[in-house]
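The structure under discussion appears below in the form of structure tokens.
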Amino acid sequence: MLLLTFDNTIKSYLRGIAEKNLEIVEKYYEKYQKGELKENDAKKIVTDIILSQKIGKTGYVAGVNSKGILVIHPKAPGTDASGYDFMKKAISMKNGYLEYNWKNPGEPKERAKAGYMRYFQPWDIIIWVSSYKEEFSHLINPEDFEKSLLDVKIGKTGYIFIMDSKGNIIIHPFLKGKNILESGEGNDNSFAKEIVEKKNGVVRYFWKQQNESKKREKVLYYRYIESLDWIICAGTYLDELSSNVKKIITFMLLFLIIGVAVFTSMSFIIAGTVTRPIRDAINMVKYIISENDLTKKIPVTSKDEMGNLAENLNMFFDEISYILNNIKNSANKISDLIQTLSSSTQESSSTANQQAAAVKEIVSTMEDADTLAKSIDKKIMEVTVTTENAQKTVKSGFEIVKKSILKMEEIRESNTSTIEGIKYLNEKINNIWDIVNIINGIADQTKIIAFNAELEASAAGEAGKNFQIVATEIRRLADSTVNSTKEIKEKINEIQKSSDRLLLTSENGTEKIKEGNEISAKINEMFSDILNSSEASNEATQKISLSIKQQVASFEQILIALKQISEGVDNAAQATKETSGVADNLEELAILLNKLMEKYKINTDKLEVANE
Amino acid sequence: MNERNNINSLNNEEILKEIESKITELKKESVNDKKVKFIIFYIDDKLYAMPGNVVQEIIIDYPVFYLPFVPDYIRGLLNRHGEPYTVIDLKSLFTGSELDGKTFLVLRNKIDNIAFIISGIYKIENILEDNIHPLTSKNENMDYFEGSITIDEEEVFIVNIKNIIDRIANDIENS
Amino acid sequence: MILKTADFLSINYGNYDFIINRYNIVGSISYSGSQSLPFTAEYFNGLINYGEMKIISFDIDRFLTKVFKLNNIDKNEAKISIIGDLKKSSYSNYKERFKEFILTQNIDCSPDLFSFLISFRSEVKRIEIRNLKIFPKILKNFYKNNGFLGCTFKDNNSIVFFIDIEKIIFDILLKGGIKNE
């Protein structure tokens, strides 16, 4: 019964973990389906979670595919374990509980393991939760059992106790923590050696309790549970059980002997008066036995041996009643105990469930928050990158603007000197112009003089003929001068026009350059501003990024802690569920026992007296 | 030896002969033909001619002092050697609008102290009397002219000063 | 050669000068307003007081400015009334006619004196008569009838007109004014 309990607890514990892991895998698979995660990312997360768990001291969670390859394994990932028998079995089972032997690389020998499997078909992973059996004792809490165990009474003072294979007492009404091989209290504990050696069987020995004067024979039934390394002993004093039986047997023998002797000797004498009460007594016993009515009493009609017999028979039946009642009480107690255990486990189960649910909510919220923080972080990273890029662009744009400003300065300077040059040229041209005008004026005047001279000459008649020639010459000279000056004037005009145009263009150019300069200066300013603000924003985003990273880290820590709690709670919930189930079984058993006991009618009044 | 293929080629002797014959011709011309000197001037873009013998001189850039009460074509007085000359604007006389000019034709003072305001002198040319053409049309304005000559293939009217002065005097009297 | 000269009152307007024979000018007073005339005649600006007498006043300043299209320098400048004596004038008929005029018009003023208003930009000059020129033939008589006797040139850029003040004043007064443009 105990073994069953233990085994179930372990199985349910492992199962709980396996179920939980399956849930996790399912959840991340869903995220991938929704497109929130890439498949590889989801698988990676799942792998990380699976490998982060520890079962007992050296147990772990692994992932095996249907080909027997250890796709997820803390020590030997990728190992092909398909050759092992247990693996073949596991591949075919895909779900369920399995016990096997296993040796990790680097370990000296194989160790017994137990595992629970749950198969996730979309990714072809058998989630394998396993632990070493020798470590199971860490899983079970002896204290819970201790109480229930110690309440079980066998006979008057008999009890159950538990020791390990080395004789260390784990559960005992008064010898807990001691070693059975050592404590003697003056008693011979060779029986203990036998127990430790044989581990299974029955042993009778003599034991003297401290408060008693002599040794009494005890009978001990013991059984070993290997997985827990427990030897469970149930023992009681033989006299408590068999004392009355012995008495009864002695009495019966005596009775028989006496009866025969008396009967033969007094058969003839007391035939009538003796045989009737005996017959009655026999009938009563027959009745009691056949009707199972332990309340009926054999009538005590005389104070002789018959009466004594009757009394003793009654007492015997009382004792049996007492024992049966004890058993019934025990059964009831167990039942009660189991009830409380059941209800408390149900309570704790529901509490655990509530807790699990609450924790799950927290976890999911945290996960959401975690995801959010991660996405914010990602966005910040993007912003940081963008601002960094912007900064680079701004810086390079800045450089370009600087260069263009410098270039413009150069152009402006050269332009200014060009304008100066043109102005200087213009002055010179004007000077020439003035000179030319003077020459022209003179030429015109000369012409007029020539005309006048000619007029005078014609007035003078013959005398003026020579003068006429001179006048004509002068006029010709004036004409040619006028012509040349005309040409010069035209040329100068052209030059002036073009230099004016040039001047205008240059000045325009200067204006444009000035404008350009102003614009460049403005752009320069703008760029400076942008640069400053982008630097500032870069700093800011970096700070934000840092703080978010920190938050994300702490989030993740919280998340992991919560997950562990969640698992633990789930496991507890699961375990308590299973324990509850087991408790239900026990209850059934108790009820059966009770029903059995009810067959016998027992006198409870008398029992109470007898119990003192 | 003097024979050549080209008709236009002359030898030196022939050239000399040609030159001498031209000179004789010219001499003949100058002796026989009477030439009249004309001052060709323009008023704005139009050319006019004036007989040379009536023109005393040509002067430029003289201030004209305004005179009241007289027709507009009498622009004012001009100071030439301390003497006042009446300045007459032929353009104003012919067309009614004032001439913007700086050149003055000063007439010989046998007639009167008169100067014509003109745009400028074109040339002074001696024209054969035969080449002085009489006026062909008779309209009002033609009173101002006494004929025409050909100057550079252009017909140029000869200003009739006497008529002009008479006209002016008449106008003044009646104003 | 004896240089014949005469004294003239010279009135200046930029590059135009006007000279008036001083021979019958008897005095000058600063002009301080006039009384209005009972008649209207161009350029006459009233009667001025000369001692105890009233004398007709002619605004020759305004006349010249208008007729010669001169730029009047300052309309507010102080003016002088120049007093002329008809008795000394060479125009005998003006004397007669003026008297008549006063009587007919019933003007209470002196019949012998007249005045004309000039600006301070004036002086008395002695000028050699040979320097004065008569107008070109074509213009000579016309202008004489209008009170312009001749001219001379101070320099290349200016002209001096010799005017007959009596003719101007009394022709306007008695004939209904000199022809205007």
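We name chains A, B, ... following the order of the structure tokens; residues begin at 1 in each chain, and ligands are numbered from 1 as shown.
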Shell of 9 Å around Ala471 of chain A, only C-alpha atoms, local chain residues under 2 positions omitted, as a PDB file with C-alpha atoms, in the first residue's frame:
ATOM      1  CA  ILE A 449      37.402 125.935 -89.127  1.00  0.00           C
ATOM      2  CA  ALA A 450      38.079 124.227 -92.376  1.00  0.00           C
ATOM      3  CA  PHE A 451      34.579 124.991 -93.566  1.00  0.00           C
ATOM      4  CA  ASN A 452      34.887 128.610 -92.561  1.00  0.00           C
ATOM      5  CA  ALA A 453      38.280 128.818 -94.163  1.00  0.00           C
ATOM      6  CA  GLU A 454      36.799 127.486 -97.314  1.00  0.00           C
ATOM      7  CA  ALA A 457      38.536 131.489 -99.478  1.00  0.00           C
ATOM      8  CA  ASN A 466      45.554 128.638-102.437  1.00  0.00           C
ATOM      9  CA  PHE A 467      43.844 129.235 -99.192  1.00  0.00           C
ATOM     10  CA  GLN A 468      41.090 127.067-100.555  1.00  0.00           C
ATOM     11  CA  ILE A 469      43.479 124.166-101.033  1.00  0.00           C
ATOM     12  CA  GLU A 473      43.350 119.747 -96.640  1.00  0.00           C
ATOM     13  CA  ILE A 474      42.441 120.828 -93.176  1.00  0.00           C
ATOM     14  CA  ARG A 475      38.934 119.603 -93.776  1.00  0.00           C
ATOM     15  CA  ARG A 476      40.190 116.273 -94.998  1.00  0.00           C
TER      16      ARG A 476
END
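The residue set within 8 Å of Arg75 of chain B, counting only C-alpha atoms and dropping same-chain residues fewer than 3 places from it, reads Val64, Phe65, Tyr66, Leu67, Asp72, Thr86, Val87, Ile88 and Asp89 of chain B.
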Excluding segment 94-106 of chain C and its own-chain neighbours fewer than 6 positions away, which residues fall within 10 Å of it when counting only C-alpha atoms? Please give them as a ChimeraX atom specification. /C:37-39,85-88,112-113,166-167,170-171,173-174
Show me, as a PyMOL selection string, the residues that have an atom within 7 Å of Lys218 of chain A when counting only C-alpha atoms, minus same-chain residues fewer than 6 positions from it. chain A and resi 204-207+235-238
Next, the residues of the selection above should be written as a PDB file, in the first residue's frame with all heavy atoms.
ATOM      1  N   ARG A 204      10.300 -13.206  14.810  1.00  0.00           N
ATOM      2  CA  ARG A 204       9.788 -13.157  16.196  1.00  0.00           C
ATOM      3  C   ARG A 204      10.964 -13.000  17.121  1.00  0.00           C
ATOM      4  O   ARG A 204      12.004 -13.614  16.941  1.00  0.00           O
ATOM      5  CB  ARG A 204       9.063 -14.448  16.524  1.00  0.00           C
ATOM      6  CG  ARG A 204       7.637 -14.439  15.941  1.00  0.00           C
ATOM      7  CD  ARG A 204       7.234 -15.802  15.506  1.00  0.00           C
ATOM      8  NE  ARG A 204       6.940 -16.647  16.670  1.00  0.00           N
ATOM      9  CZ  ARG A 204       5.849 -17.389  16.791  1.00  0.00           C
ATOM     10  NH1 ARG A 204       4.947 -17.360  15.862  1.00  0.00           N
ATOM     11  NH2 ARG A 204       5.675 -18.179  17.848  1.00  0.00           N
ATOM     12  N   TYR A 205      10.782 -12.175  18.054  1.00  0.00           N
ATOM     13  CA  TYR A 205      11.896 -11.939  18.993  1.00  0.00           C
ATOM     14  C   TYR A 205      11.338 -11.531  20.324  1.00  0.00           C
ATOM     15  O   TYR A 205      10.163 -11.210  20.453  1.00  0.00           O
ATOM     16  CB  TYR A 205      12.851 -10.907  18.413  1.00  0.00           C
ATOM     17  CG  TYR A 205      12.191  -9.575  18.130  1.00  0.00           C
ATOM     18  CD1 TYR A 205      12.349  -8.541  19.050  1.00  0.00           C
ATOM     19  CD2 TYR A 205      11.403  -9.354  16.997  1.00  0.00           C
ATOM     20  CE1 TYR A 205      11.745  -7.328  18.822  1.00  0.00           C
ATOM     21  CE2 TYR A 205      10.795  -8.143  16.777  1.00  0.00           C
ATOM     22  CZ  TYR A 205      10.983  -7.101  17.687  1.00  0.00           C
ATOM     23  OH  TYR A 205      10.385  -5.905  17.467  1.00  0.00           O
ATOM     24  N   PHE A 206      12.271 -11.470  21.246  1.00  0.00           N
ATOM     25  CA  PHE A 206      11.844 -11.064  22.596  1.00  0.00           C
ATOM     26  C   PHE A 206      12.266  -9.653  22.858  1.00  0.00           C
ATOM     27  O   PHE A 206      13.368  -9.233  22.553  1.00  0.00           O
ATOM     28  CB  PHE A 206      12.414 -12.022  23.639  1.00  0.00           C
ATOM     29  CG  PHE A 206      11.707 -13.344  23.625  1.00  0.00           C
ATOM     30  CD1 PHE A 206      12.195 -14.426  22.867  1.00  0.00           C
ATOM     31  CD2 PHE A 206      10.533 -13.553  24.367  1.00  0.00           C
ATOM     32  CE1 PHE A 206      11.527 -15.637  22.864  1.00  0.00           C
ATOM     33  CE2 PHE A 206       9.861 -14.774  24.341  1.00  0.00           C
ATOM     34  CZ  PHE A 206      10.380 -15.808  23.579  1.00  0.00           C
ATOM     35  N   TRP A 207      11.394  -8.927  23.429  1.00  0.00           N
ATOM     36  CA  TRP A 207      11.693  -7.522  23.676  1.00  0.00           C
ATOM     37  C   TRP A 207      11.132  -7.128  25.018  1.00  0.00           C
ATOM     38  O   TRP A 207      10.027  -7.458  25.365  1.00  0.00           O
ATOM     39  CB  TRP A 207      11.024  -6.672  22.578  1.00  0.00           C
ATOM     40  CG  TRP A 207      11.530  -5.259  22.511  1.00  0.00           C
ATOM     41  CD1 TRP A 207      10.915  -4.180  22.996  1.00  0.00           C
ATOM     42  CD2 TRP A 207      12.734  -4.818  21.935  1.00  0.00           C
ATOM     43  NE1 TRP A 207      11.651  -3.060  22.774  1.00  0.00           N
ATOM     44  CE2 TRP A 207      12.811  -3.441  22.100  1.00  0.00           C
ATOM     45  CE3 TRP A 207      13.812  -5.486  21.285  1.00  0.00           C
ATOM     46  CZ2 TRP A 207      13.867  -2.675  21.642  1.00  0.00           C
ATOM     47  CZ3 TRP A 207      14.843  -4.677  20.828  1.00  0.00           C
ATOM     48  CH2 TRP A 207      14.875  -3.299  21.019  1.00  0.00           C
ATOM     49  N   GLY A 235       4.859  -4.356  13.611  1.00  0.00           N
ATOM     50  CA  GLY A 235       5.053  -5.379  14.658  1.00  0.00           C
ATOM     51  C   GLY A 235       4.146  -5.195  15.854  1.00  0.00           C
ATOM     52  O   GLY A 235       3.630  -4.104  16.095  1.00  0.00           O
ATOM     53  N   THR A 236       3.950  -6.264  16.579  1.00  0.00           N
ATOM     54  CA  THR A 236       3.194  -6.180  17.826  1.00  0.00           C
ATOM     55  C   THR A 236       3.606  -7.314  18.759  1.00  0.00           C
ATOM     56  O   THR A 236       4.278  -8.261  18.339  1.00  0.00           O
ATOM     57  CB  THR A 236       1.682  -6.231  17.539  1.00  0.00           C
ATOM     58  OG1 THR A 236       0.994  -6.043  18.790  1.00  0.00           O
ATOM     59  CG2 THR A 236       1.278  -7.578  16.974  1.00  0.00           C
ATOM     60  N   TYR A 237       3.195  -7.197  20.011  1.00  0.00           N
ATOM     61  CA  TYR A 237       3.497  -8.270  20.977  1.00  0.00           C
ATOM     62  C   TYR A 237       2.589  -9.438  20.686  1.00  0.00           C
ATOM     63  O   TYR A 237       1.383  -9.290  20.498  1.00  0.00           O
ATOM     64  CB  TYR A 237       3.308  -7.780  22.405  1.00  0.00           C
ATOM     65  CG  TYR A 237       4.432  -6.868  22.826  1.00  0.00           C
ATOM     66  CD1 TYR A 237       4.302  -5.491  22.803  1.00  0.00           C
ATOM     67  CD2 TYR A 237       5.669  -7.437  23.239  1.00  0.00           C
ATOM     68  CE1 TYR A 237       5.346  -4.679  23.171  1.00  0.00           C
ATOM     69  CE2 TYR A 237       6.707  -6.616  23.617  1.00  0.00           C
ATOM     70  CZ  TYR A 237       6.565  -5.236  23.583  1.00  0.00           C
ATOM     71  OH  TYR A 237       7.592  -4.441  23.928  1.00  0.00           O
ATOM     72  N   LEU A 238       3.256 -10.573  20.681  1.00  0.00           N
ATOM     73  CA  LEU A 238       2.497 -11.769  20.360  1.00  0.00           C
ATOM     74  C   LEU A 238       1.422 -12.035  21.396  1.00  0.00           C
ATOM     75  O   LEU A 238       0.306 -12.441  21.057  1.00  0.00           O
ATOM     76  CB  LEU A 238       3.467 -12.962  20.315  1.00  0.00           C
ATOM     77  CG  LEU A 238       3.028 -14.118  19.434  1.00  0.00           C
ATOM     78  CD1 LEU A 238       2.898 -13.696  17.991  1.00  0.00           C
ATOM     79  CD2 LEU A 238       4.016 -15.257  19.537  1.00  0.00           C
TER      80      LEU A 238
END
For chain C, work out the contacting residues on chain B at 12 Å, counting only C-alpha atoms, and write them as a ChimeraX atom specification. /B:61-72,74,76-88,109-115,164-175
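Each of B:Leu16, B:Tyr48, B:Ser119, B:Asn126 was checked against chain A using only C-alpha atoms; the smallest atom-to-atom distance is that of B:Asn126.
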If you run DSSP on this backbone, which residues of chain C come out as strand (DSSP E), and could you give them as a compact mmCIF listing (two decimals) with C-alpha atoms, in the first residue's frame?
# COMPACT_ATOMS: atom_id res chain seq x y z
CA THR C 5 27.89 157.05 -71.48
CA ALA C 6 24.62 157.08 -69.73
CA ASP C 7 23.34 155.92 -66.41
CA PHE C 8 20.95 153.10 -66.24
CA LEU C 9 18.99 151.33 -63.63
CA SER C 10 19.87 147.73 -64.08
CA ILE C 11 17.59 144.95 -62.94
CA ASN C 12 19.03 141.46 -62.81
CA TYR C 13 17.35 138.09 -63.40
CA TYR C 16 18.97 138.35 -68.15
CA ASP C 17 19.49 141.99 -67.26
CA PHE C 18 17.17 144.85 -68.00
CA ILE C 19 18.36 148.43 -68.06
CA ILE C 20 16.17 151.46 -67.80
CA ASN C 21 17.31 154.98 -68.64
CA ILE C 25 14.00 158.66 -62.30
CA VAL C 26 13.57 160.98 -59.38
CA GLY C 27 13.61 158.69 -56.43
CA SER C 28 12.93 155.35 -54.85
CA ILE C 29 11.13 154.14 -51.82
CA SER C 30 10.80 150.71 -50.36
CA PHE C 44 -0.58 147.50 -62.32
CA ASN C 45 -0.65 146.86 -58.66
CA GLY C 46 -2.29 150.00 -57.28
CA LEU C 47 -1.38 153.34 -55.84
CA ILE C 48 1.50 153.90 -53.53
CA ASN C 49 2.07 156.74 -51.18
CA TYR C 50 4.91 158.99 -51.97
CA MET C 53 0.97 162.02 -52.97
CA LYS C 54 -0.39 158.90 -54.48
CA ILE C 55 1.35 157.48 -57.44
CA ILE C 56 0.38 154.71 -59.80
CA SER C 57 2.54 151.63 -59.41
CA PHE C 58 3.46 149.22 -62.12
CA LYS C 79 10.60 145.33 -53.48
CA ILE C 80 11.53 148.92 -54.34
CA SER C 81 9.28 151.44 -55.92
CA ILE C 82 11.18 153.54 -58.40
CA ILE C 83 9.65 156.91 -58.98
CA GLY C 84 9.71 158.36 -62.44
CA ASP C 85 8.83 161.87 -63.53
CA LEU C 113 4.80 160.81 -61.34
CA PHE C 114 4.71 157.18 -61.89
CA SER C 115 6.38 154.32 -60.11
CA PHE C 116 7.39 150.85 -60.94
CA LEU C 117 8.17 147.99 -58.67
CA ILE C 118 11.51 146.28 -58.88
CA SER C 119 13.43 143.78 -56.71
CA SER C 122 19.24 146.01 -59.08
CA GLU C 123 21.83 148.67 -59.36
CA VAL C 124 22.59 151.81 -61.23
CA LYS C 125 25.19 151.46 -63.89
CA ARG C 126 27.02 153.73 -66.21
CA ILE C 127 27.23 152.12 -69.57
CA GLU C 128 29.08 153.18 -72.71
CA PHE C 148 12.41 147.17 -76.20
CA LEU C 149 15.04 149.39 -77.61
CA GLY C 150 18.12 147.30 -77.81
CA CYS C 151 20.45 144.93 -76.12
CA THR C 152 24.00 144.23 -75.23
CA ILE C 159 22.06 139.36 -72.38
CA VAL C 160 21.10 142.88 -71.34
CA PHE C 161 17.88 144.32 -72.66
CA PHE C 162 17.46 148.05 -72.88
CA ILE C 163 13.84 148.78 -72.11
Can you check which residues of chain A have any atom within 8 Å of chain B? Use only C-alpha atoms and format it as a PDB file with N, CA, C and O atoms, in the first residue's frame.
ATOM      1  N   ILE A 448      34.991 122.603 -88.691  1.00  0.00           N
ATOM      2  CA  ILE A 448      34.281 123.871 -88.843  1.00  0.00           C
ATOM      3  C   ILE A 448      35.243 124.966 -89.339  1.00  0.00           C
ATOM      4  O   ILE A 448      34.894 125.738 -90.252  1.00  0.00           O
ATOM      5  N   PHE A 451      35.724 124.474 -92.799  1.00  0.00           N
ATOM      6  CA  PHE A 451      34.579 124.991 -93.566  1.00  0.00           C
ATOM      7  C   PHE A 451      34.659 126.511 -93.699  1.00  0.00           C
ATOM      8  O   PHE A 451      34.481 127.076 -94.791  1.00  0.00           O
ATOM      9  N   ASN A 452      34.849 127.144 -92.564  1.00  0.00           N
ATOM     10  CA  ASN A 452      34.887 128.610 -92.561  1.00  0.00           C
ATOM     11  C   ASN A 452      36.015 129.124 -93.450  1.00  0.00           C
ATOM     12  O   ASN A 452      35.850 130.112 -94.184  1.00  0.00           O
ATOM     13  N   LEU A 455      34.953 128.926 -96.874  1.00  0.00           N
ATOM     14  CA  LEU A 455      34.017 130.006 -97.192  1.00  0.00           C
ATOM     15  C   LEU A 455      34.756 131.316 -97.443  1.00  0.00           C
ATOM     16  O   LEU A 455      34.483 132.032 -98.415  1.00  0.00           O
ATOM     17  N   GLU A 456      35.681 131.590 -96.567  1.00  0.00           N
ATOM     18  CA  GLU A 456      36.470 132.813 -96.720  1.00  0.00           C
ATOM     19  C   GLU A 456      37.208 132.801 -98.050  1.00  0.00           C
ATOM     20  O   GLU A 456      37.264 133.796 -98.777  1.00  0.00           O
ATOM     21  N   SER A 458      36.459 131.216-100.717  1.00  0.00           N
ATOM     22  CA  SER A 458      35.591 131.414-101.888  1.00  0.00           C
ATOM     23  C   SER A 458      35.201 132.885-102.019  1.00  0.00           C
ATOM     24  O   SER A 458      35.093 133.436-103.121  1.00  0.00           O
ATOM     25  N   ALA A 459      35.014 133.514-100.854  1.00  0.00           N
ATOM     26  CA  ALA A 459      34.683 134.953-100.888  1.00  0.00           C
ATOM     27  C   ALA A 459      35.841 135.767-101.469  1.00  0.00           C
ATOM     28  O   ALA A 459      35.650 136.775-102.165  1.00  0.00           O
TER      29      ALA A 459
END
Long-range neighbours of segment 27-36 of chain A as number ranges by chain, 8 Å cut-off, only C-alpha atoms, 4 positions minimum in chain: A: 23, 42-43, 45-46
Write out, as a PDB file, in the first residue's frame, the residues just selected, with N, CA and C atoms.
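That gives us out_0.pdb:
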ATOM      1  N   GLU A  23       2.915  21.697 -22.041  1.00  0.00           N
ATOM      2  CA  GLU A  23       2.163  22.957 -22.149  1.00  0.00           C
ATOM      3  C   GLU A  23       3.028  24.080 -22.701  1.00  0.00           C
ATOM      4  N   ALA A  42      11.275  29.979 -31.684  1.00  0.00           N
ATOM      5  CA  ALA A  42      10.390  29.280 -30.760  1.00  0.00           C
ATOM      6  C   ALA A  42      11.058  28.006 -30.269  1.00  0.00           C
ATOM      7  N   LYS A  43      11.642  27.233 -31.183  1.00  0.00           N
ATOM      8  CA  LYS A  43      12.293  25.982 -30.790  1.00  0.00           C
ATOM      9  C   LYS A  43      13.443  26.254 -29.840  1.00  0.00           C
ATOM     10  N   ILE A  45      13.767  28.766 -27.765  1.00  0.00           N
ATOM     11  CA  ILE A  45      13.261  29.130 -26.441  1.00  0.00           C
ATOM     12  C   ILE A  45      12.850  27.878 -25.678  1.00  0.00           C
ATOM     13  N   VAL A  46      12.128  26.998 -26.391  1.00  0.00           N
ATOM     14  CA  VAL A  46      11.643  25.764 -25.789  1.00  0.00           C
ATOM     15  C   VAL A  46      12.825  24.933 -25.278  1.00  0.00           C
TER      16      VAL A  46
END
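Here atom CA of Ala478 of chain A is placed at a distance of 19.1 Å from atom CA of Leu105 of chain B.
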To test your reading of the structure, identify every residue in chain B that backbone DSSP assigns to helix (DSSP H, G or I), and report it as a ChimeraX atom specification. /B:12-32,52-54,90-95,129-131,140-144,161-174
Taking 3 positions as the minimum chain separation for residues in the same chain, which residues sit within 12 Å of Gly96 of chain A when counting only C-alpha atoms? Answer as a ChimeraX atom specification. /A:11-12,14-16,18-19,89-93,99,114-119,126-130
Please write the residues from the selection above to a file, keeping N, CA and C atoms, as an mmCIF file, in the first residue's frame.
data_model
loop_
_atom_site.group_PDB
_atom_site.id
_atom_site.type_symbol
_atom_site.label_atom_id
_atom_site.label_comp_id
_atom_site.auth_asym_id
_atom_site.auth_seq_id
_atom_site.Cartn_x
_atom_site.Cartn_y
_atom_site.Cartn_z
ATOM 1 N N LYS A 11 5.592 8.981 -9.734
ATOM 2 C CA LYS A 11 5.083 9.008 -11.101
ATOM 3 C C LYS A 11 4.322 10.295 -11.377
ATOM 4 N N SER A 12 3.458 10.667 -10.407
ATOM 5 C CA SER A 12 2.659 11.870 -10.643
ATOM 6 C C SER A 12 3.527 13.122 -10.660
ATOM 7 N N LEU A 14 6.668 13.260 -11.717
ATOM 8 C CA LEU A 14 7.314 13.319 -13.027
ATOM 9 C C LEU A 14 6.312 13.654 -14.113
ATOM 10 N N ARG A 15 5.144 13.060 -13.969
ATOM 11 C CA ARG A 15 4.109 13.324 -14.956
ATOM 12 C C ARG A 15 3.741 14.809 -14.985
ATOM 13 N N GLY A 16 3.633 15.352 -13.750
ATOM 14 C CA GLY A 16 3.297 16.760 -13.654
ATOM 15 C C GLY A 16 4.295 17.623 -14.427
ATOM 16 N N ALA A 18 6.247 16.651 -16.808
ATOM 17 C CA ALA A 18 6.143 16.385 -18.241
ATOM 18 C C ALA A 18 4.973 17.153 -18.838
ATOM 19 N N GLU A 19 3.837 17.139 -18.125
ATOM 20 C CA GLU A 19 2.661 17.858 -18.623
ATOM 21 C C GLU A 19 2.945 19.347 -18.746
ATOM 22 N N LYS A 89 11.300 1.063 -26.598
ATOM 23 C CA LYS A 89 9.993 1.061 -25.936
ATOM 24 C C LYS A 89 9.407 2.470 -25.852
ATOM 25 N N ALA A 90 10.283 3.363 -25.491
ATOM 26 C CA ALA A 90 9.837 4.755 -25.328
ATOM 27 C C ALA A 90 9.306 5.325 -26.639
ATOM 28 N N ILE A 91 10.029 5.026 -27.738
ATOM 29 C CA ILE A 91 9.614 5.547 -29.046
ATOM 30 C C ILE A 91 8.231 5.024 -29.399
ATOM 31 N N SER A 92 8.020 3.776 -29.065
ATOM 32 C CA SER A 92 6.707 3.232 -29.403
ATOM 33 C C SER A 92 5.632 3.745 -28.456
ATOM 34 N N MET A 93 6.003 3.976 -27.176
ATOM 35 C CA MET A 93 5.001 4.459 -26.203
ATOM 36 C C MET A 93 4.630 5.918 -26.472
ATOM 37 N N GLU A 99 10.465 2.892 -16.605
ATOM 38 C CA GLU A 99 11.647 2.742 -15.763
ATOM 39 C C GLU A 99 12.733 2.038 -16.558
ATOM 40 N N ALA A 114 13.675 6.568 -13.623
ATOM 41 C CA ALA A 114 12.252 6.523 -13.964
ATOM 42 C C ALA A 114 11.933 7.779 -14.723
ATOM 43 N N GLY A 115 11.098 7.640 -15.726
ATOM 44 C CA GLY A 115 10.789 8.824 -16.517
ATOM 45 C C GLY A 115 9.348 8.874 -16.920
ATOM 46 N N TYR A 116 8.902 10.084 -17.165
ATOM 47 C CA TYR A 116 7.553 10.230 -17.697
ATOM 48 C C TYR A 116 7.669 10.939 -19.036
ATOM 49 N N MET A 117 6.950 10.453 -20.044
ATOM 50 C CA MET A 117 7.058 11.004 -21.391
ATOM 51 C C MET A 117 5.759 11.643 -21.828
ATOM 52 N N ARG A 118 5.913 12.721 -22.578
ATOM 53 C CA ARG A 118 4.741 13.320 -23.234
ATOM 54 C C ARG A 118 5.202 13.729 -24.622
ATOM 55 N N TYR A 119 4.424 13.348 -25.626
ATOM 56 C CA TYR A 119 4.848 13.540 -27.016
ATOM 57 C C TYR A 119 4.209 14.796 -27.631
ATOM 58 N N ILE A 126 9.577 13.933 -28.024
ATOM 59 C CA ILE A 126 9.073 13.288 -26.817
ATOM 60 C C ILE A 126 9.712 14.013 -25.646
ATOM 61 N N ILE A 127 8.857 14.716 -24.875
ATOM 62 C CA ILE A 127 9.383 15.401 -23.699
ATOM 63 C C ILE A 127 9.611 14.346 -22.635
ATOM 64 N N TRP A 128 10.823 14.224 -22.178
ATOM 65 C CA TRP A 128 11.209 13.119 -21.301
ATOM 66 C C TRP A 128 11.681 13.681 -19.980
ATOM 67 N N VAL A 129 10.837 13.517 -18.967
ATOM 68 C CA VAL A 129 11.194 13.969 -17.628
ATOM 69 C C VAL A 129 11.677 12.762 -16.852
ATOM 70 N N SER A 130 12.905 12.799 -16.404
ATOM 71 C CA SER A 130 13.414 11.603 -15.723
ATOM 72 C C SER A 130 14.208 11.957 -14.493
#
